[in-house]
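Student: This is the structure, below, for whatever I ask next.
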Amino acid sequence: MIQTWTERTHEALKGKTGKLIGWSFAMAILVEVWLMIDPTYYGIQHSSTILMMISVVGLILYVMSLPMYIGYSWIILDTVRNKKLHFQDVFKPFRKNYRLNLATFLLVVLFQLLWGLLLIVPGIIKYFSYAFTFFILRDEPHLSPTEAITKSRGMMRGQKWEAFKLILPMIPVFLTGFTLSIVFKLPILSSWSLLVATSLVRPLVVARFAVMYEDTRRAYDEQWNKPA
């Protein structure tokens with residue numbers, strides 16, 4: 001199954017990988033730029049109320065921009081479905097159900113963080129449990145954040161090991177960026193190294209999960225729509 005998903009991913013991305021990597025990088029900049037207005041990003045300490053207010057405003061704008069990552073997931077899902085692509089589609093979560101999309105993103109991050117604080121392994125497992133959440137939002141925008149997360153968990157049941165194997169080839173790239181962000185004491189260089197690494201692997205990782213989602217959703221719907 002992994003080989004089939006991998007082959008379908010490469011077929012879906014053929015001729016589009018460079019564009020999607022460029023869009024991944026551009027989107028990351030649009031989100032992260034709000035953190036860059038924080039003085040601490042440049043190693044400056046909060047020495048006045050004005051600097052602290054700038055940091056708070058930057059953090060708020062950063063959080064408000066996070067649904068762009070959902071929009072990028074939708075672009076990748078459209079890629080897998082062989083639909084026409086437009087970069088402006090990353091802003092779709094802002095134009096419709098913005099509060100629901102933002103709440104879902106924050107809830108997923110919160111759950112992952114809480115499980116990660118509990119134990120590393122459960123945190124990793126829960127990462128895969130929630131992997132379909134944003135795709136589900138695209139296909140079923142009427143669901144609440146908890147309903148989308150719960151459905152993702154149900155669809156992922158028994159498939160987390162398969163999901164883990166999907167990201168194995170991308171782990172070295174991410175670890176390189178993460179290592180550089182720890183090694184270098186310069187905050188700007190550190191954050192950019194991690195941003196570049198995640199931007200490079202994002203299209204392939206999300207596309208693999210999108211392909212997996214298509215098959216899993218089909219099997220899931222067939223299971224629950226069987227006549228009694």
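Chain labels run A, B, ... following the order of the structure tokens; each chain numbers its residues from 1, and ligands are numbered from 1 in the order shown.
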Could you pull out all residues of stretch 40-217 of chain A with a DSSP call of helix (DSSP H, G or I) and give them as a PyMOL selection string?
Tutor: chain A and resi 40-42+49-65+67-80+87-95+98-118+120-129+133-139+145-156+160-183+187-217
Student: Give me, as a list in words, all polymer residues having an atom no more than 10 Å from A:Arg99, counting only C-alpha atoms and skipping those fewer than 5 positions away in the same chain.
Tutor: Met64, Pro67, Pro93, Phe94, Thr104 and Phe105 of chain A
Student: Under the rule that only C-alpha atoms are counted, which of A:Gly71, A:Gly15, A:Gly154, A:Pro169 is the nearest residue to A:Ala28?
Tutor: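 Result for the nearest residue to A:Ala28: A:Gly71.
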Student: Find the residues around A:Phe134 up to 8 Å (only C-alpha atoms counted), leave out those fewer than 6 positions away in its own chain, and share them as a list in words.
Tutor: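 My list of contacting residues is Ile70, Ser73, Trp74 and Ala148 of chain A.
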Student: Those same residues - N, CA and C atoms - I'd like them written as a short mmCIF file (atom, residue, chain, number, x, y, z; two decimals), in the first residue's frame.
Tutor:
```cif
data_model
loop_
_atom_site.label_atom_id
_atom_site.label_comp_id
_atom_site.auth_asym_id
_atom_site.auth_seq_id
_atom_site.Cartn_x
_atom_site.Cartn_y
_atom_site.Cartn_z
N ILE A 70 -4.04 25.50 6.45
CA ILE A 70 -5.19 24.68 6.04
C ILE A 70 -5.43 24.86 4.55
N SER A 73 -3.12 22.83 2.53
CA SER A 73 -3.54 21.42 2.52
C SER A 73 -4.63 21.21 1.48
N TRP A 74 -5.52 22.18 1.34
CA TRP A 74 -6.59 22.06 0.34
C TRP A 74 -6.02 22.13 -1.07
N ALA A 148 -14.62 17.14 13.26
CA ALA A 148 -13.62 16.88 12.23
C ALA A 148 -12.43 16.11 12.82
#
```
Student: Which of these residues is nearest to A:Phe164, using only C-alpha atoms: A:Ala12, A:Val33, A:Val205, A:Leu110?
Tutor: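 Once distances to A:Phe164 are computed over only C-alpha atoms, the minimum belongs to A:Val205.
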Student: What lies within 9 Å of A:Ile124 using only C-alpha atoms, ignoring chain neighbours under 5 positions off, as a VMD selection string?
Tutor: chain A and resid 112 115 to 116 119 129
Student: Those same residues - all heavy atoms - I'd like them written as a compact mmCIF listing (two decimals), in the first residue's frame.
Tutor:
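Everything below was put into again_14.txt:
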```txt
# COMPACT_ATOMS: atom_id res chain seq x y z
N GLN A 112 -2.13 18.17 20.23
CA GLN A 112 -0.81 17.62 19.96
C GLN A 112 0.18 18.05 21.03
O GLN A 112 1.02 17.25 21.48
CB GLN A 112 -0.32 18.07 18.58
CG GLN A 112 -1.08 17.44 17.42
CD GLN A 112 -0.70 18.03 16.08
OE1 GLN A 112 -0.16 19.13 16.00
NE2 GLN A 112 -0.98 17.30 15.01
N TRP A 115 -0.57 16.15 24.39
CA TRP A 115 -0.11 14.78 24.31
C TRP A 115 1.42 14.71 24.27
O TRP A 115 2.03 13.82 24.86
CB TRP A 115 -0.68 14.08 23.07
CG TRP A 115 -2.09 13.61 23.27
CD1 TRP A 115 -3.22 14.18 22.79
CD2 TRP A 115 -2.51 12.45 24.00
NE1 TRP A 115 -4.33 13.47 23.17
CE2 TRP A 115 -3.92 12.40 23.91
CE3 TRP A 115 -1.84 11.46 24.71
CZ2 TRP A 115 -4.67 11.39 24.52
CZ3 TRP A 115 -2.59 10.46 25.32
CH2 TRP A 115 -3.98 10.43 25.22
N GLY A 116 2.04 15.68 23.60
CA GLY A 116 3.51 15.72 23.54
C GLY A 116 4.12 16.01 24.90
O GLY A 116 5.19 15.48 25.24
N LEU A 119 3.86 12.56 27.00
CA LEU A 119 4.92 11.64 26.59
C LEU A 119 5.20 11.87 25.11
O LEU A 119 4.30 12.22 24.35
CB LEU A 119 4.51 10.18 26.81
CG LEU A 119 4.56 9.64 28.26
CD1 LEU A 119 3.94 8.25 28.30
CD2 LEU A 119 5.97 9.60 28.80
N SER A 129 -3.03 10.80 14.23
CA SER A 129 -4.47 10.69 14.45
C SER A 129 -5.22 11.87 13.86
O SER A 129 -6.33 11.74 13.36
CB SER A 129 -4.78 10.59 15.95
OG SER A 129 -4.27 9.40 16.50
```
